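Okay, coords_7.cif is below, mmCIF, C-alpha atoms and all ligand atoms:
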data_upload
loop_
_atom_site.group_PDB
_atom_site.id
_atom_site.type_symbol
_atom_site.label_atom_id
_atom_site.label_comp_id
_atom_site.auth_asym_id
_atom_site.auth_seq_id
_atom_site.Cartn_x
_atom_site.Cartn_y
_atom_site.Cartn_z
ATOM 1 C CA MET A 1 0.142 -10.171 10.146
ATOM 2 C CA ALA A 2 -1.417 -7.647 7.780
ATOM 3 C CA SER A 3 2.048 -7.200 6.265
ATOM 4 C CA LEU A 4 1.796 -10.668 4.725
ATOM 5 C CA GLY A 5 -0.830 -9.385 2.300
ATOM 6 C CA HIS A 6 1.446 -6.543 1.225
ATOM 7 C CA VAL A 7 4.387 -8.897 0.737
ATOM 8 C CA ALA A 8 2.182 -11.300 -1.231
ATOM 9 C CA ILE A 9 1.351 -8.503 -3.671
ATOM 10 C CA GLY A 10 5.048 -7.646 -4.036
ATOM 11 C CA LEU A 11 6.015 -11.266 -4.569
ATOM 12 C CA ALA A 12 3.290 -11.785 -7.175
ATOM 13 C CA VAL A 13 4.183 -8.650 -9.133
ATOM 14 C CA GLY A 14 7.912 -9.421 -8.928
ATOM 15 C CA ARG A 15 7.270 -12.981 -10.084
ATOM 16 C CA ALA A 16 5.188 -11.788 -13.031
ATOM 17 C CA HIS A 17 7.703 -9.089 -13.965
ATOM 18 C CA GLY A 18 10.637 -11.482 -13.752
ATOM 19 C CA LYS A 19 8.858 -14.363 -15.483
ATOM 20 C CA SER A 20 11.134 -14.502 -18.518
ATOM 21 C CA ARG A 21 14.342 -13.845 -16.560
ATOM 22 C CA ASP A 22 16.774 -16.116 -14.796
ATOM 23 C CA SER A 23 15.960 -17.313 -11.300
ATOM 24 C CA ARG A 24 18.284 -14.845 -9.530
ATOM 25 C CA SER A 25 16.817 -11.820 -11.338
ATOM 26 C CA SER A 26 13.324 -13.038 -10.607
ATOM 27 C CA TRP A 27 14.082 -13.277 -6.864
ATOM 28 C CA ILE A 28 15.611 -9.805 -6.899
ATOM 29 C CA LEU A 29 12.469 -8.393 -8.523
ATOM 30 C CA MET A 30 10.265 -10.217 -6.020
ATOM 31 C CA ALA A 31 12.289 -8.731 -3.143
ATOM 32 C CA PHE A 32 12.266 -5.282 -4.779
ATOM 33 C CA TYR A 33 8.490 -5.186 -5.212
ATOM 34 C CA SER A 34 7.946 -6.649 -1.728
ATOM 35 C CA VAL A 35 9.948 -3.783 -0.219
ATOM 36 C CA LEU A 36 7.905 -1.321 -2.283
ATOM 37 C CA ALA A 37 4.691 -2.969 -1.088
ATOM 38 C CA LEU A 38 5.736 -2.324 2.516
ATOM 39 C CA LEU A 39 7.168 1.152 1.834
ATOM 40 C CA PRO A 40 4.111 3.231 2.874
ATOM 41 C CA ASP A 41 4.466 2.002 6.456
ATOM 42 C CA VAL A 42 7.677 4.039 6.811
ATOM 43 C CA ASP A 43 5.260 6.701 8.005
ATOM 44 C CA VAL A 44 5.197 5.031 11.422
ATOM 45 C CA ILE A 45 8.282 7.152 12.047
ATOM 46 C CA ALA A 46 5.769 9.985 12.441
ATOM 47 C CA PHE A 47 4.946 8.601 15.894
ATOM 48 C CA ARG A 48 8.591 9.064 16.919
ATOM 49 C CA LEU A 49 8.583 12.592 15.505
ATOM 50 C CA GLY A 50 5.483 13.555 17.455
ATOM 51 C CA VAL A 51 3.229 13.862 14.394
ATOM 52 C CA PRO A 52 -0.351 13.035 15.440
ATOM 53 C CA TYR A 53 -1.947 9.978 13.834
ATOM 54 C CA GLU A 54 -4.730 12.092 12.322
ATOM 55 C CA ALA A 55 -2.359 14.674 10.759
ATOM 56 C CA PRO A 56 -1.913 14.609 6.962
ATOM 57 C CA PHE A 57 1.562 13.110 7.428
ATOM 58 C CA GLY A 58 0.540 10.881 10.314
ATOM 59 C CA HIS A 59 0.380 7.094 9.980
ATOM 60 C CA ARG A 60 -1.816 5.997 7.056
ATOM 61 C CA GLY A 61 -1.904 9.575 5.790
ATOM 62 C CA ALA A 62 -0.181 11.129 2.780
ATOM 63 C CA VAL A 63 2.404 8.375 2.425
ATOM 64 C CA HIS A 64 -0.422 5.851 1.910
ATOM 65 C CA SER A 65 -2.038 7.958 -0.861
ATOM 66 C CA ILE A 66 -2.294 7.292 -4.577
ATOM 67 C CA THR A 67 -0.281 10.485 -5.142
ATOM 68 C CA ALA A 68 2.609 9.131 -3.071
ATOM 69 C CA ALA A 69 2.425 5.870 -5.036
ATOM 70 C CA ALA A 70 2.638 7.833 -8.302
ATOM 71 C CA CYS A 71 5.683 9.718 -6.982
ATOM 72 C CA VAL A 72 7.424 6.462 -6.065
ATOM 73 C CA GLY A 73 6.565 5.131 -9.516
ATOM 74 C CA GLY A 74 8.098 8.243 -11.058
ATOM 75 C CA VAL A 75 11.327 7.856 -9.123
ATOM 76 C CA VAL A 76 11.544 4.149 -9.990
ATOM 77 C CA GLY A 77 10.889 5.004 -13.650
ATOM 78 C CA ILE A 78 13.696 7.595 -13.679
ATOM 79 C CA VAL A 79 16.159 5.184 -12.083
ATOM 80 C CA ALA A 80 15.126 2.454 -14.535
ATOM 81 C CA ALA A 81 15.583 4.815 -17.497
ATOM 82 C CA LEU A 82 19.040 5.805 -16.254
ATOM 83 C CA ARG A 83 19.928 2.102 -16.033
ATOM 84 C CA ARG A 84 18.522 1.550 -19.562
ATOM 85 C CA LYS A 85 15.729 -0.691 -18.300
ATOM 86 C CA PRO A 86 12.119 -0.637 -19.595
ATOM 87 C CA TRP A 87 11.208 2.374 -17.454
ATOM 88 C CA LEU A 88 7.481 2.406 -18.169
ATOM 89 C CA SER A 89 6.893 -1.117 -16.880
ATOM 90 C CA TYR A 90 9.041 -0.494 -13.805
ATOM 91 C CA ALA A 91 7.327 2.830 -13.076
ATOM 92 C CA SER A 92 3.790 1.574 -13.539
ATOM 93 C CA LEU A 93 4.307 -1.664 -11.596
ATOM 94 C CA ALA A 94 6.022 0.225 -8.758
ATOM 95 C CA ALA A 95 3.133 2.700 -8.569
ATOM 96 C CA ILE A 96 0.560 -0.102 -8.590
ATOM 97 C CA VAL A 97 2.369 -2.061 -5.867
ATOM 98 C CA VAL A 98 2.758 0.985 -3.615
ATOM 99 C CA ALA A 99 -0.863 2.053 -4.204
ATOM 100 C CA SER A 100 -2.053 -1.467 -3.360
ATOM 101 C CA HIS A 101 -0.773 -0.938 0.181
ATOM 102 C CA GLY A 102 -3.273 1.840 0.872
ATOM 103 C CA PHE A 103 -6.139 -0.136 -0.663
ATOM 104 C CA LEU A 104 -5.300 -3.228 1.397
ATOM 105 C CA ASP A 105 -5.036 -1.148 4.569
ATOM 106 C CA ALA A 106 -8.439 0.377 3.775
ATOM 107 C CA MET A 107 -9.880 -3.135 3.885
ATOM 108 C CA THR A 108 -9.123 -3.297 7.586
ATOM 109 C CA ASP A 109 -11.027 -1.567 10.348
ATOM 110 C CA GLY A 110 -7.954 -0.463 12.261
ATOM 111 C CA GLY A 111 -6.855 3.106 12.859
ATOM 112 C CA LEU A 112 -8.516 6.143 11.362
ATOM 113 C CA GLY A 113 -8.702 5.050 7.728
ATOM 114 C CA ILE A 114 -6.465 5.776 4.754
ATOM 115 C CA ALA A 115 -5.890 9.180 3.117
ATOM 116 C CA LEU A 116 -6.062 7.648 -0.365
ATOM 117 C CA PHE A 117 -6.788 10.901 -2.198
ATOM 118 C CA TRP A 118 -4.356 13.195 -0.384
ATOM 119 C CA PRO A 119 -3.547 16.067 -1.255
ATOM 120 C CA PHE A 120 -6.976 16.589 -2.838
ATOM 121 C CA THR A 121 -8.673 15.691 0.416
ATOM 122 C CA THR A 122 -7.413 14.661 3.825
ATOM 123 C CA HIS A 123 -10.473 12.453 4.343
ATOM 124 C CA ARG A 124 -9.510 8.944 5.404
ATOM 125 C CA TYR A 125 -11.307 6.007 3.852
ATOM 126 C CA PHE A 126 -12.287 2.515 4.951
ATOM 127 C CA PHE A 127 -13.685 -0.110 2.593
ATOM 128 C CA VAL A 128 -15.452 -1.718 5.540
ATOM 129 C CA ASP A 129 -17.760 -0.059 8.015
ATOM 130 C CA ALA A 130 -15.389 0.409 10.962
ATOM 131 C CA ASP A 131 -18.113 1.679 13.278
ATOM 132 C CA THR A 132 -20.136 -1.490 13.038
ATOM 133 C CA CYS A 133 -17.250 -3.944 12.738
ATOM 134 C CA GLY A 134 -15.492 -2.877 15.915
ATOM 135 C CA THR A 135 -13.507 -5.719 17.321
ATOM 136 C CA HIS A 136 -16.144 -8.298 16.450
ATOM 137 C CA ARG A 137 -14.539 -9.587 13.275
ATOM 138 C CA SER A 138 -16.202 -12.294 11.283
ATOM 139 C CA VAL A 139 -16.156 -13.801 7.829
ATOM 140 C CA ASP A 140 -18.714 -11.132 6.897
ATOM 141 C CA ASP A 141 -15.959 -8.529 7.332
ATOM 142 C CA LEU A 142 -14.233 -9.924 4.245
ATOM 143 C CA SER A 143 -17.154 -9.013 2.005
ATOM 144 C CA LEU A 144 -16.098 -5.331 1.839
ATOM 145 C CA ARG A 145 -19.690 -4.339 2.458
ATOM 146 C CA PRO A 146 -20.732 -2.517 5.588
ATOM 147 C CA VAL A 147 -21.448 -5.097 8.242
ATOM 148 C CA HIS A 148 -24.303 -4.557 10.684
ATOM 149 C CA HIS A 149 -24.173 -6.752 13.730
ATOM 150 C CA ALA A 150 -27.243 -7.189 15.913
ATOM 151 C CA TYR A 151 -25.561 -7.124 19.338
HETATM 152 ZN ZN ZN B 201 0.062 0.704 5.971
#

Show me this structure written as structure tokens.
Amino acid sequence: MASLGHVAIGLAVGRAHGKSRDSRSSWILMAFYSVLALLPDVDVIAFRLGVPYEAPFGHRGAVHSITAAACVGGVVGIVAALRRKPWLSYASLAAIVVASHGFLDAMTDGGLGIALFWPFTTHRYFFVDADTCGTHRSVDDLSLRPVHHAY
């Protein structure tokens, strides 16, 4: 169900970007940004290719980084410019939406963390303390502060 948060970001950005457009264009933008918000999870194909989870191109690795988000934004900006659309707004919103995926994933305690700053470092980040959260999730986990349970 974590994907709902990603889609919500895409829908919100698409809605805001398509605010002054007709209903059909607005829905297309909402779908477009929702797909971009889910895009980083294409790296699950790494499992099929035998790439280890902890490898730079493993799940939640390079494809979840800010650098990858900037690259996607660049490609979207080029395509928008070729189609004579306001390329800067498309590029920046695409980069923000894709980058949001890694930040939202980092707010979970699943997996090995997110390689947000790849290629500068392969360190994987959590915004919650995964060691102390474990599987004992509570409302405290939503505070983004390390949670220390007295079990
Ligand atoms: Zn993800």

Would you give me, as JSON lines, each residue of chain A having an atom within 8 Å of an atom of ligand ZN 201 (chain B), along with its shortest atom pair and that distance in Å to one decimal, using only C-alpha atoms and all ligand atoms and sorting by chain and residue number?
{"residue": "A:Leu38", "atom": "CA", "partner": "B:ZN201", "partner_atom": "ZN", "distance": 7.3}
{"residue": "A:Pro40", "atom": "CA", "partner": "B:ZN201", "partner_atom": "ZN", "distance": 5.7}
{"residue": "A:Asp41", "atom": "CA", "partner": "B:ZN201", "partner_atom": "ZN", "distance": 4.6}
{"residue": "A:His59", "atom": "CA", "partner": "B:ZN201", "partner_atom": "ZN", "distance": 7.6}
{"residue": "A:Arg60", "atom": "CA", "partner": "B:ZN201", "partner_atom": "ZN", "distance": 5.7}
{"residue": "A:His64", "atom": "CA", "partner": "B:ZN201", "partner_atom": "ZN", "distance": 6.6}
{"residue": "A:His101", "atom": "CA", "partner": "B:ZN201", "partner_atom": "ZN", "distance": 6.1}
{"residue": "A:Gly102", "atom": "CA", "partner": "B:ZN201", "partner_atom": "ZN", "distance": 6.2}
{"residue": "A:Asp105", "atom": "CA", "partner": "B:ZN201", "partner_atom": "ZN", "distance": 5.6}

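Closest approach to A:His17 from the set A:Val44, A:Ala91, A:Leu36, A:Met30 is made by A:Met30, with distances taken over only C-alpha atoms.
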
Residues matched by the PyMOL selection byres (((chain A and resi 92) around 9) and not hetatm) as a PDB file with C-alpha atoms, in the frame of the given file:
ATOM      1  CA  ALA A  70       2.638   7.833  -8.302  1.00  0.00           C
ATOM      2  CA  GLY A  73       6.565   5.131  -9.516  1.00  0.00           C
ATOM      3  CA  GLY A  74       8.098   8.243 -11.058  1.00  0.00           C
ATOM      4  CA  VAL A  76      11.544   4.149  -9.990  1.00  0.00           C
ATOM      5  CA  GLY A  77      10.889   5.004 -13.650  1.00  0.00           C
ATOM      6  CA  TRP A  87      11.208   2.374 -17.454  1.00  0.00           C
ATOM      7  CA  LEU A  88       7.481   2.406 -18.169  1.00  0.00           C
ATOM      8  CA  SER A  89       6.893  -1.117 -16.880  1.00  0.00           C
ATOM      9  CA  TYR A  90       9.041  -0.494 -13.805  1.00  0.00           C
ATOM     10  CA  ALA A  91       7.327   2.830 -13.076  1.00  0.00           C
ATOM     11  CA  LEU A  93       4.307  -1.664 -11.596  1.00  0.00           C
ATOM     12  CA  ALA A  94       6.022   0.225  -8.758  1.00  0.00           C
ATOM     13  CA  ALA A  95       3.133   2.700  -8.569  1.00  0.00           C
ATOM     14  CA  ILE A  96       0.560  -0.102  -8.590  1.00  0.00           C
ATOM     15  CA  VAL A  97       2.369  -2.061  -5.867  1.00  0.00           C
TER      16      VAL A  97
END

Can you tell me, as a ChimeraX atom specification, what residues are no more than 10 Å from A:Ala62 when counting all atoms listed in the file, ignoring any on the same chain fewer than 3 positions away?
-> /A:40,43,55-59,65-69,102,114-119,121-122,124

Could you please take those selected residues and save C-alpha atoms as a compact mmCIF listing (two decimals), in the coordinates of the input?
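Writing the result to selection11.txt gives the following:
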# COMPACT_ATOMS: atom_id res chain seq x y z
CA PRO A 40 4.11 3.23 2.87
CA ASP A 43 5.26 6.70 8.01
CA ALA A 55 -2.36 14.67 10.76
CA PRO A 56 -1.91 14.61 6.96
CA PHE A 57 1.56 13.11 7.43
CA GLY A 58 0.54 10.88 10.31
CA HIS A 59 0.38 7.09 9.98
CA SER A 65 -2.04 7.96 -0.86
CA ILE A 66 -2.29 7.29 -4.58
CA THR A 67 -0.28 10.48 -5.14
CA ALA A 68 2.61 9.13 -3.07
CA ALA A 69 2.42 5.87 -5.04
CA GLY A 102 -3.27 1.84 0.87
CA ILE A 114 -6.46 5.78 4.75
CA ALA A 115 -5.89 9.18 3.12
CA LEU A 116 -6.06 7.65 -0.36
CA PHE A 117 -6.79 10.90 -2.20
CA TRP A 118 -4.36 13.20 -0.38
CA PRO A 119 -3.55 16.07 -1.25
CA THR A 121 -8.67 15.69 0.42
CA THR A 122 -7.41 14.66 3.82
CA ARG A 124 -9.51 8.94 5.40

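When atom CA of A:Ala37 is paired with atom CA of A:Phe126, their separation reads 18.8 Å.
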
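Distance annotation: of A:Ser3, A:Ser25, A:Ser34, A:Ser20, the residue with the minimal separation from A:Thr108 is A:Ser3; atom set is all atoms listed in the file.
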
One decimal place gives the atom CA of A:Ala31-atom CA of A:Leu82 separation as 20.7 Å
